[in-house]
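With compact mmCIF, C-alpha atoms and all ligand atoms inside, this is start-v3.txt:
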# COMPACT_ATOMS: atom_id res chain seq x y z
CA MET A 10 55.47 107.44 128.95
CA SER A 11 56.52 106.76 125.38
CA LEU A 12 59.31 104.65 124.07
CA ALA A 13 61.55 107.01 122.10
CA LEU A 14 64.40 106.08 119.79
CA ALA A 15 66.70 108.66 118.24
CA ASP A 16 69.18 107.77 115.50
CA VAL A 17 69.75 104.23 116.76
CA THR A 18 72.57 102.58 114.85
CA VAL A 19 74.08 99.12 115.32
CA GLU A 20 77.26 98.11 113.52
CA ARG A 21 78.88 94.71 113.37
CA ALA A 22 81.93 93.74 111.34
CA GLY A 23 81.86 97.10 109.60
CA ARG A 24 78.20 96.69 108.49
CA ARG A 25 75.28 98.81 109.64
CA LEU A 26 72.64 96.30 110.71
CA VAL A 27 70.40 99.10 112.02
CA ASP A 28 70.97 102.47 110.46
CA GLY A 29 69.81 105.69 112.07
CA VAL A 30 66.37 104.53 113.22
CA SER A 31 64.20 107.06 115.07
CA PHE A 32 60.61 106.66 116.20
CA ALA A 33 58.34 106.89 119.21
CA ALA A 34 55.83 104.29 120.41
CA ALA A 35 53.01 105.24 122.75
CA PRO A 36 51.57 103.27 125.65
CA GLY A 37 48.29 101.52 124.92
CA ARG A 38 49.34 100.66 121.39
CA VAL A 39 50.85 97.71 119.56
CA LEU A 40 53.63 98.51 117.11
CA ALA A 41 54.53 95.78 114.61
CA VAL A 42 58.06 95.84 113.20
CA LEU A 43 58.08 94.29 109.74
CA GLY A 44 60.74 93.69 107.14
CA PRO A 45 62.29 91.00 104.94
CA ASN A 46 64.74 88.43 106.35
CA GLY A 47 67.89 90.18 107.51
CA ALA A 48 66.28 93.64 107.55
CA GLY A 49 67.42 94.18 111.15
CA LYS A 50 64.24 93.52 113.15
CA THR A 51 65.82 91.26 115.79
CA THR A 52 68.84 93.56 116.04
CA LEU A 53 66.56 96.57 116.56
CA LEU A 54 64.59 94.80 119.29
CA ALA A 55 67.80 93.76 121.06
CA ALA A 56 69.00 97.38 120.90
CA ILE A 57 65.70 98.65 122.35
CA ALA A 58 66.03 96.07 125.10
CA GLY A 59 69.47 97.46 125.91
CA MET A 60 71.01 94.05 125.30
CA ILE A 61 73.52 94.93 122.60
CA ALA A 62 75.86 97.83 121.97
CA ALA A 63 74.23 100.57 119.90
CA ARG A 64 74.68 104.27 119.18
CA GLY A 65 71.96 106.89 119.46
CA SER A 66 69.43 106.88 122.26
CA VAL A 67 66.61 104.68 123.52
CA ALA A 68 64.47 106.08 126.33
CA PHE A 69 61.58 104.46 128.16
CA ASP A 70 59.89 105.45 131.41
CA GLY A 71 62.57 108.00 132.22
CA LEU A 72 65.34 105.49 131.70
CA SER A 73 68.05 105.69 129.08
CA CYS A 74 68.02 102.03 128.01
CA LEU A 75 71.43 101.92 126.31
CA GLY A 76 73.81 101.05 129.13
CA ALA A 77 71.18 101.13 131.90
CA PRO A 78 71.67 98.80 134.89
CA PRO A 79 70.24 95.38 133.96
CA ARG A 80 67.93 95.27 136.96
CA ALA A 81 66.43 98.69 136.24
CA LEU A 82 65.78 97.56 132.68
CA ALA A 83 64.38 94.18 133.68
CA GLU A 84 61.85 95.78 136.02
CA ARG A 85 60.13 97.63 133.20
CA ARG A 86 60.84 95.84 129.94
CA ALA A 87 60.82 92.20 128.88
CA LEU A 88 62.08 90.68 125.65
CA MET A 89 60.68 87.45 124.31
CA ALA A 90 63.52 86.25 122.08
CA GLN A 91 63.00 84.73 118.63
CA HIS A 92 64.75 81.50 119.58
CA PHE A 93 64.40 79.95 122.98
CA ASP A 94 66.95 77.25 123.75
CA CYS A 95 66.80 75.30 126.97
CA PRO A 96 69.47 72.59 126.85
CA PHE A 97 68.99 71.49 130.46
CA GLY A 98 66.01 69.67 131.87
CA TYR A 99 64.38 72.67 133.52
CA GLY A 100 60.68 72.48 134.20
CA VAL A 101 58.20 74.82 132.57
CA ARG A 102 57.27 76.46 135.88
CA GLU A 103 60.97 76.96 136.71
CA VAL A 104 61.68 78.64 133.38
CA VAL A 105 58.69 80.96 133.71
CA ALA A 106 59.93 81.79 137.24
CA LEU A 107 63.26 82.92 135.73
CA GLY A 108 61.32 85.98 134.66
CA ARG A 109 61.11 86.90 138.34
CA ILE A 110 64.87 87.09 138.95
CA ALA A 111 64.85 90.87 138.53
CA HIS A 112 62.44 91.12 141.47
CA ALA A 113 64.39 88.91 143.91
CA GLY A 114 65.08 90.68 147.18
CA THR A 115 62.54 93.44 146.44
CA PRO A 116 59.03 93.87 147.90
CA ARG A 117 57.72 92.61 144.55
CA ALA A 118 59.03 89.12 145.27
CA VAL A 119 55.82 88.44 147.22
CA ASN A 120 54.09 88.45 143.82
CA ASP A 121 56.29 85.71 142.36
CA ALA A 122 53.82 82.80 142.61
CA GLU A 123 50.94 84.90 141.30
CA ALA A 124 53.11 86.24 138.47
CA VAL A 125 54.15 82.77 137.36
CA ALA A 126 50.54 81.57 137.45
CA ALA A 127 49.45 84.62 135.44
CA GLY A 128 52.18 84.00 132.86
CA LEU A 129 51.21 80.36 132.47
CA ALA A 130 47.56 81.36 132.07
CA ALA A 131 48.30 84.14 129.57
CA ALA A 132 50.21 81.68 127.38
CA GLY A 133 47.62 78.92 127.88
CA ILE A 134 50.23 76.48 129.19
CA GLY A 135 48.91 75.73 132.67
CA ALA A 136 48.60 72.06 131.70
CA LEU A 137 52.29 71.99 130.76
CA ALA A 138 53.54 73.54 134.02
CA GLY A 139 54.98 70.27 135.32
CA ARG A 140 56.69 69.26 132.07
CA SER A 141 60.41 69.40 131.32
CA VAL A 142 61.08 72.13 128.74
CA PRO A 143 63.34 70.03 126.45
CA THR A 144 60.42 67.60 125.99
CA LEU A 145 58.15 70.33 124.59
CA SER A 146 57.37 71.01 120.96
CA GLY A 147 58.69 74.18 119.32
CA GLY A 148 55.36 75.97 119.62
CA GLU A 149 54.95 74.91 123.25
CA ARG A 150 58.42 76.28 124.03
CA GLN A 151 57.57 79.53 122.34
CA ARG A 152 54.58 79.88 124.62
CA VAL A 153 56.82 79.23 127.64
CA ALA A 154 58.99 82.15 126.49
CA PHE A 155 55.90 84.38 126.29
CA ALA A 156 54.82 83.26 129.79
CA LYS A 157 58.27 84.14 131.17
CA ALA A 158 58.15 87.64 129.68
CA PHE A 159 54.62 88.14 131.01
CA ALA A 160 55.65 86.97 134.51
CA GLN A 161 58.60 89.37 134.44
CA LEU A 162 56.32 92.38 133.84
CA PHE A 163 53.42 91.10 135.95
CA ASP A 164 53.69 93.73 138.70
CA ARG A 165 53.57 96.63 136.26
CA ILE A 166 50.92 94.98 134.08
CA ARG A 167 48.69 94.61 137.14
CA ALA A 168 49.40 98.11 138.43
CA GLY A 169 49.05 99.75 135.02
CA ALA A 170 52.55 101.18 135.53
CA PRO A 171 54.71 101.82 132.45
CA HIS A 172 56.00 98.61 130.92
CA LEU A 173 57.48 97.65 127.59
CA LEU A 174 56.85 94.22 126.09
CA LEU A 175 59.17 93.31 123.21
CA LEU A 176 58.14 90.22 121.24
CA ASP A 177 60.43 88.86 118.53
CA GLU A 178 58.42 86.76 116.08
CA PRO A 179 56.26 85.37 118.91
CA THR A 180 53.95 83.53 116.52
CA ALA A 181 56.58 81.92 114.25
CA SER A 182 56.05 78.37 115.57
CA LEU A 183 52.44 78.69 116.69
CA ASP A 184 49.31 77.10 115.29
CA PRO A 185 46.54 79.51 114.21
CA GLU A 186 44.67 79.34 117.53
CA HIS A 187 47.74 80.19 119.54
CA GLN A 188 48.95 82.86 117.11
CA HIS A 189 45.72 84.68 117.82
CA ARG A 190 45.85 83.92 121.53
CA ILE A 191 49.34 85.34 121.98
CA LEU A 192 48.66 88.44 119.89
CA ALA A 193 45.35 88.97 121.72
CA GLN A 194 47.33 88.83 124.97
CA ALA A 195 49.75 91.38 123.55
CA ARG A 196 46.80 93.66 122.77
CA ALA A 197 45.47 93.13 126.30
CA VAL A 198 48.86 94.18 127.70
CA ALA A 199 48.69 97.32 125.57
CA ALA A 200 45.08 97.96 126.63
CA GLY A 201 46.30 97.91 130.23
CA GLY A 202 48.75 100.71 129.53
CA GLY A 203 51.73 98.78 128.22
CA THR A 204 53.81 99.61 125.18
CA VAL A 205 54.12 96.59 122.89
CA VAL A 206 56.63 96.19 120.05
CA VAL A 207 56.34 92.95 118.10
CA THR A 208 58.22 91.69 115.05
CA LEU A 209 56.11 89.71 112.62
CA HIS A 210 56.38 88.22 109.15
CA ASP A 211 52.67 87.61 108.76
CA LEU A 212 51.24 90.77 107.26
CA ALA A 213 47.65 89.62 107.88
CA LEU A 214 48.33 89.19 111.61
CA ALA A 215 50.04 92.57 111.68
CA SER A 216 47.04 94.19 110.02
CA ILE A 217 44.67 92.56 112.52
CA TYR A 218 46.58 93.16 115.76
CA ALA A 219 48.86 96.17 115.30
CA ASP A 220 47.88 99.80 115.65
CA GLU A 221 50.97 100.95 113.82
CA VAL A 222 53.64 99.34 111.67
CA LEU A 223 57.27 100.16 111.20
CA VAL A 224 58.89 98.71 108.10
CA LEU A 225 62.62 98.09 108.04
CA GLU A 226 64.57 97.65 104.83
CA ARG A 227 68.29 96.84 105.03
CA GLY A 228 68.47 98.34 108.50
CA ARG A 229 66.73 101.58 107.59
CA LEU A 230 63.26 102.78 108.39
CA ALA A 231 61.30 102.48 105.14
CA ALA A 232 57.88 103.42 106.50
CA HIS A 233 56.14 104.04 109.82
CA GLY A 234 52.54 104.87 110.61
CA PRO A 235 49.00 103.53 111.07
CA VAL A 236 48.61 100.08 109.53
CA ALA A 237 46.19 100.72 106.67
CA ALA A 238 47.80 103.97 105.58
CA THR A 239 51.31 102.52 105.72
CA LEU A 240 51.06 98.91 104.63
CA THR A 241 49.71 99.68 101.18
CA PRO A 242 49.88 97.08 98.38
CA GLY A 243 52.46 99.32 96.68
CA LEU A 244 54.73 99.44 99.72
CA VAL A 245 54.36 95.69 100.25
CA ALA A 246 55.20 94.95 96.61
CA ARG A 247 58.29 97.16 96.75
CA VAL A 248 59.70 95.99 100.10
CA PHE A 249 58.47 92.39 100.36
CA LYS A 250 58.26 91.50 96.65
CA VAL A 251 54.79 90.00 96.98
CA VAL A 252 51.41 91.08 95.72
CA VAL A 253 48.69 91.53 98.33
CA GLY A 254 45.13 92.72 98.49
CA THR A 255 43.16 94.25 101.31
CA ALA A 256 39.73 93.33 102.60
CA GLY A 257 37.69 95.13 105.21
CA ALA A 258 36.74 93.18 108.32
CA GLY A 259 35.81 94.34 111.81
CA GLY A 260 36.58 97.93 110.90
CA ARG A 261 40.10 97.03 109.83
CA ALA A 262 41.78 96.64 106.44
CA ILE A 263 43.18 93.11 106.49
CA ILE A 264 46.15 92.39 104.24
CA HIS A 265 45.97 89.07 102.42
CA PRO A 266 48.14 87.40 99.80
CA LEU A 267 47.04 87.13 96.18
CA PRO A 268 48.16 84.42 93.76
CA GLN A 269 51.50 85.83 92.66
CA THR A 270 51.32 84.75 89.01
CA GLU A 271 47.76 85.94 88.52
CA ALA A 272 48.40 89.32 90.10
CA ALA A 273 51.84 89.93 88.56
N1 LIG A 301 76.60 89.41 115.24
C1 LIG A 301 76.46 89.68 113.94
N2 LIG A 301 77.53 89.91 113.15
C2 LIG A 301 77.39 90.19 111.83
N3 LIG A 301 76.18 90.25 111.20
C3 LIG A 301 75.09 90.03 111.95
C4 LIG A 301 75.16 89.72 113.34
N4 LIG A 301 73.91 89.54 113.80
C5 LIG A 301 73.08 89.71 112.74
N5 LIG A 301 73.81 89.99 111.63
C6 LIG A 301 73.26 90.31 110.30
O1 LIG A 301 72.48 91.47 110.46
C7 LIG A 301 71.36 91.45 109.60
C8 LIG A 301 70.10 91.68 110.42
O2 LIG A 301 69.85 90.55 111.23
P1 LIG A 301 68.52 90.42 112.08
O3 LIG A 301 68.55 89.12 112.78
O4 LIG A 301 68.37 91.64 112.90
O5 LIG A 301 67.43 90.43 110.92
P2 LIG A 301 65.86 90.14 110.98
O6 LIG A 301 65.19 91.25 110.27
O7 LIG A 301 65.44 89.86 112.37
O8 LIG A 301 65.79 88.83 110.10
P3 LIG A 301 64.81 87.53 110.11
O9 LIG A 301 63.50 88.01 109.55
O10 LIG A 301 65.49 86.60 109.17
O11 LIG A 301 64.72 87.01 111.52
C9 LIG A 301 71.39 90.11 108.87
O12 LIG A 301 71.94 90.32 107.58
C10 LIG A 301 72.32 89.27 109.72
O13 LIG A 301 73.01 88.34 108.91
For this file, write the structure as C-alpha cells.
Amino acid sequence: MSLALADVTVERAGRRLVDGVSFAAAPGRVLAVLGPNGAGKTTLLAAIAGMIAARGSVAFDGLSCLGAPPRALAERRALMAQHFDCPFGYGVREVVALGRIAHAGTPRAVNDAEAVAAGLAAAGIGALAGRSVPTLSGGERQRVAFAKAFAQLFDRIRAGAPHLLLLDEPTASLDPEHQHRILAQARAVAAGGGTVVVTLHDLALASIYADEVLVLERGRLAAHGPVAATLTPGLVARVFKVVVGTAGAGGRAIIHPLPQTEAA
C-alpha cells in the first residue's frame, strides 16, 4: 500500500509553506526529502503525519491521514520529530514506552516490553535505558526519539504489515557511526515492507541510503525520482547553491562536495 499525496498545501499567516505537493511513495523504499533551510520539509512531514492542518489529500494504508482519528494514525505511522525536548526527568525506557500509548487497551499491548526492547536495540541505546533523558547529549536524545518511533511501529514492523516511518533530520546531531546506524535501520524497516520518508541535509547520506529523492524549493516540488537521475550536479547547484561531484561506490553514485572556489 503506497503513501499517496495529492495537491497538499499548507498555509500559515497568508504564506504557502507547502504548495501543491503531489507524489506517491512505495513500500520497501526509502524516500529522502531534501531542500534548503525553510523549503518546507518539516511542514510537509507534519502534514503527512496528519499533525497539522493541510489541504489536499494524504492517503496511507486505506486511511485518509488528514483529519484521521489519532489512534488510527498512530497505529500505522510514526514521526520522529526534528527536535526532541524532554523538560522533565523521564527515563529513557519510559520515553521509548510513550511510543506504545496508541496500543494501550488493545491486544497489541502484550508486545509493549518487546517493542521497547526492540526500539532501544535498533537505536543502539540499550546501555542508556536507565538514564534520565535530560542528562543525555543531543545525539543520545535523538536516538531515544528514533527508538520511540520504532517501538510505536513494532507490531507492524514485525508482522510486515503496512507502516509508515517519518524521520525528520534523524541524523542532524549524530556522529558518523550513528548516522549510518540509524539510516541502516531505516533501510531495514523499508526492507521489511515499510514505507520510509526521511528529511536530510546531507546529500552524500541521501545518495547512499535513499532509493528516491524529492527536492523541495520554497514549498514546491522541484524534482522527484531515483537518486542518481534526480540529484544531478546541475540540480544541486541550482537548488542548493553548492558544487558537487559524484563517485561510484557499491553500485551507487555517491554525491560529494567539491571545493567551492576551485569548482566555481
Ligand atoms: N507556524 C508557522 N508560521 C509561519 N511560518 C512558519 C511556521 N512554521 C514554519 N514556518 C515557515 O515555513 C517555512 C518552512 O519551514 P520548515 O520548518 O518546514 O522548513 P524546513 O525545510 O524543514 O527547514 P530546515 O531545513 O531549516 O529545518 C520556513 O520559512 C518557516 O519559517
Given all atoms listed in the file as the counted atoms, nearest of A:Leu209, A:Ala256, A:Ala131, A:Ala81 to ligand LIG 301 (chain A):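 Between A:Leu209, A:Ala256, A:Ala131, A:Ala81, the residue approaching ligand LIG 301 (chain A) most closely is A:Leu209.
Between Pro116 (chain A) and the candidates A:Ser66, A:Ala130, A:Asp164, A:Leu192, the tightest atom-to-atom separation, counting only C-alpha atoms, involves A:Asp164.
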At most 9 Å from ligand LIG 301 (chain A) (all atoms listed in the file): residue list as number ranges by chain: A: 20-27, 42-55, 91, 177-178, 208-210, 225-228
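Distance annotation: of A:Ala231, A:Ala127, A:Val206, A:Val119, the residue with the minimal separation from Ser11 (chain A) is A:Val206; atom set is all atoms listed in the file.
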Gap from CA of Ala34 (chain A) to CA of Leu129 (chain A) - Å, one decimal: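 Here the two named atoms are 27.2 Å from each other.
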Selected residue, from A:Leu107, A:Ala156, A:Val205, A:Ala118, that lies nearest to Ile134 (chain A) when counting all atoms listed in the file: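 Ranking A:Leu107, A:Ala156, A:Val205, A:Ala118 by distance to Ile134 (chain A), first place goes to A:Ala156.
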Among listed residues A:Arg85, A:His172, A:Arg196, A:Arg102, nearest Arg150 (chain A) (using all atoms listed in the file): A:Arg102
Nearest-residue call for Leu244 (chain A), choices A:Ala154, A:Val198, A:Val224, A:Ala170, using all atoms listed in the file: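 Once distances to Leu244 (chain A) are computed over all atoms listed in the file, the minimum belongs to A:Val224.
For the pair CA of Ile264 (chain A) and CA of Asp211 (chain A), the separation is 9.3 Å.
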Near-Arg261 (chain A) list (8 Å; all atoms listed in the file; drop same-chain fewer than 4 positions) as a VMD selection string: chain A and resid 216 to 217 237 257
Interatomic distance (Å, one decimal) between CA of Pro79 (chain A) and CA of Leu175 (chain A):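 Taking CA of Pro79 (chain A) as the start and CA of Leu175 (chain A) as the end point, the length is 15.6 Å.
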Selection: 9 Å around Arg64 (chain A), all atoms listed in the file, excl. self and same-chain fewer than 4 positions, as a list in words: Asp16, Val17, Thr18, Val19, Glu20, Gly29 and Leu75 of chain A
Incomplete region 40-66 of chain A brought to N, CA and C atoms, written out as a PDB file, keeping the file's coordinate frame:
ATOM      1  N   LEU A  40      52.846  98.159 118.292  1.00  0.00           N
ATOM      2  CA  LEU A  40      53.630  98.510 117.110  1.00  0.00           C
ATOM      3  C   LEU A  40      54.229  97.241 116.524  1.00  0.00           C
ATOM      4  N   ALA A  41      53.938  96.945 115.261  1.00  0.00           N
ATOM      5  CA  ALA A  41      54.530  95.780 114.610  1.00  0.00           C
ATOM      6  C   ALA A  41      55.731  96.236 113.777  1.00  0.00           C
ATOM      7  N   VAL A  42      56.861  95.568 113.996  1.00  0.00           N
ATOM      8  CA  VAL A  42      58.060  95.840 113.200  1.00  0.00           C
ATOM      9  C   VAL A  42      58.141  94.767 112.127  1.00  0.00           C
ATOM     10  N   LEU A  43      58.116  95.207 110.881  1.00  0.00           N
ATOM     11  CA  LEU A  43      58.080  94.290 109.740  1.00  0.00           C
ATOM     12  C   LEU A  43      59.315  94.511 108.880  1.00  0.00           C
ATOM     13  N   GLY A  44      59.618  93.528 108.062  1.00  0.00           N
ATOM     14  CA  GLY A  44      60.740  93.690 107.140  1.00  0.00           C
ATOM     15  C   GLY A  44      61.176  92.331 106.635  1.00  0.00           C
ATOM     16  N   PRO A  45      61.821  92.280 105.477  1.00  0.00           N
ATOM     17  CA  PRO A  45      62.290  91.000 104.940  1.00  0.00           C
ATOM     18  C   PRO A  45      63.336  90.364 105.851  1.00  0.00           C
ATOM     19  N   ASN A  46      63.670  89.104 105.608  1.00  0.00           N
ATOM     20  CA  ASN A  46      64.740  88.430 106.350  1.00  0.00           C
ATOM     21  C   ASN A  46      66.003  89.294 106.297  1.00  0.00           C
ATOM     22  N   GLY A  47      66.629  89.442 107.462  1.00  0.00           N
ATOM     23  CA  GLY A  47      67.890  90.180 107.510  1.00  0.00           C
ATOM     24  C   GLY A  47      67.732  91.686 107.517  1.00  0.00           C
ATOM     25  N   ALA A  48      66.505  92.190 107.594  1.00  0.00           N
ATOM     26  CA  ALA A  48      66.280  93.640 107.550  1.00  0.00           C
ATOM     27  C   ALA A  48      66.778  94.342 108.818  1.00  0.00           C
ATOM     28  N   GLY A  49      66.915  93.573 109.915  1.00  0.00           N
ATOM     29  CA  GLY A  49      67.420  94.180 111.150  1.00  0.00           C
ATOM     30  C   GLY A  49      66.408  94.219 112.286  1.00  0.00           C
ATOM     31  N   LYS A  50      65.315  93.472 112.151  1.00  0.00           N
ATOM     32  CA  LYS A  50      64.240  93.520 113.150  1.00  0.00           C
ATOM     33  C   LYS A  50      64.727  93.013 114.520  1.00  0.00           C
ATOM     34  N   THR A  51      65.349  91.830 114.523  1.00  0.00           N
ATOM     35  CA  THR A  51      65.820  91.260 115.790  1.00  0.00           C
ATOM     36  C   THR A  51      66.895  92.157 116.400  1.00  0.00           C
ATOM     37  N   THR A  52      67.768  92.686 115.554  1.00  0.00           N
ATOM     38  CA  THR A  52      68.840  93.560 116.040  1.00  0.00           C
ATOM     39  C   THR A  52      68.233  94.824 116.662  1.00  0.00           C
ATOM     40  N   LEU A  53      67.210  95.367 116.019  1.00  0.00           N
ATOM     41  CA  LEU A  53      66.560  96.570 116.560  1.00  0.00           C
ATOM     42  C   LEU A  53      65.920  96.278 117.908  1.00  0.00           C
ATOM     43  N   LEU A  54      65.233  95.146 118.017  1.00  0.00           N
ATOM     44  CA  LEU A  54      64.590  94.800 119.290  1.00  0.00           C
ATOM     45  C   LEU A  54      65.621  94.622 120.404  1.00  0.00           C
ATOM     46  N   ALA A  55      66.741  93.964 120.066  1.00  0.00           N
ATOM     47  CA  ALA A  55      67.800  93.760 121.060  1.00  0.00           C
ATOM     48  C   ALA A  55      68.391  95.096 121.495  1.00  0.00           C
ATOM     49  N   ALA A  56      68.485  96.040 120.545  1.00  0.00           N
ATOM     50  CA  ALA A  56      69.000  97.380 120.900  1.00  0.00           C
ATOM     51  C   ALA A  56      68.021  98.097 121.815  1.00  0.00           C
ATOM     52  N   ILE A  57      66.718  98.017 121.493  1.00  0.00           N
ATOM     53  CA  ILE A  57      65.700  98.650 122.350  1.00  0.00           C
ATOM     54  C   ILE A  57      65.760  98.068 123.752  1.00  0.00           C
ATOM     55  N   ALA A  58      65.985  96.750 123.805  1.00  0.00           N
ATOM     56  CA  ALA A  58      66.030  96.070 125.100  1.00  0.00           C
ATOM     57  C   ALA A  58      67.289  96.419 125.883  1.00  0.00           C
ATOM     58  N   GLY A  59      68.227  97.106 125.236  1.00  0.00           N
ATOM     59  CA  GLY A  59      69.470  97.460 125.910  1.00  0.00           C
ATOM     60  C   GLY A  59      70.406  96.275 126.052  1.00  0.00           C
ATOM     61  N   MET A  60      70.242  95.283 125.173  1.00  0.00           N
ATOM     62  CA  MET A  60      71.010  94.050 125.300  1.00  0.00           C
ATOM     63  C   MET A  60      72.226  93.978 124.394  1.00  0.00           C
ATOM     64  N   ILE A  61      72.342  94.914 123.461  1.00  0.00           N
ATOM     65  CA  ILE A  61      73.520  94.930 122.600  1.00  0.00           C
ATOM     66  C   ILE A  61      74.034  96.370 122.502  1.00  0.00           C
ATOM     67  N   ALA A  62      75.280  96.497 122.120  1.00  0.00           N
ATOM     68  CA  ALA A  62      75.860  97.830 121.970  1.00  0.00           C
ATOM     69  C   ALA A  62      75.224  98.537 120.777  1.00  0.00           C
ATOM     70  N   ALA A  63      74.858  99.795 120.976  1.00  0.00           N
ATOM     71  CA  ALA A  63      74.230 100.570 119.900  1.00  0.00           C
ATOM     72  C   ALA A  63      74.562 102.040 120.122  1.00  0.00           C
ATOM     73  N   ARG A  64      74.542 102.818 119.054  1.00  0.00           N
ATOM     74  CA  ARG A  64      74.680 104.270 119.180  1.00  0.00           C
ATOM     75  C   ARG A  64      73.306 104.913 119.084  1.00  0.00           C
ATOM     76  N   GLY A  65      73.246 106.196 119.448  1.00  0.00           N
ATOM     77  CA  GLY A  65      71.960 106.890 119.460  1.00  0.00           C
ATOM     78  C   GLY A  65      71.373 106.814 120.848  1.00  0.00           C
ATOM     79  N   SER A  66      70.047 106.958 120.931  1.00  0.00           N
ATOM     80  CA  SER A  66      69.430 106.880 122.260  1.00  0.00           C
ATOM     81  C   SER A  66      68.113 106.113 122.217  1.00  0.00           C
TER      82      SER A  66
END
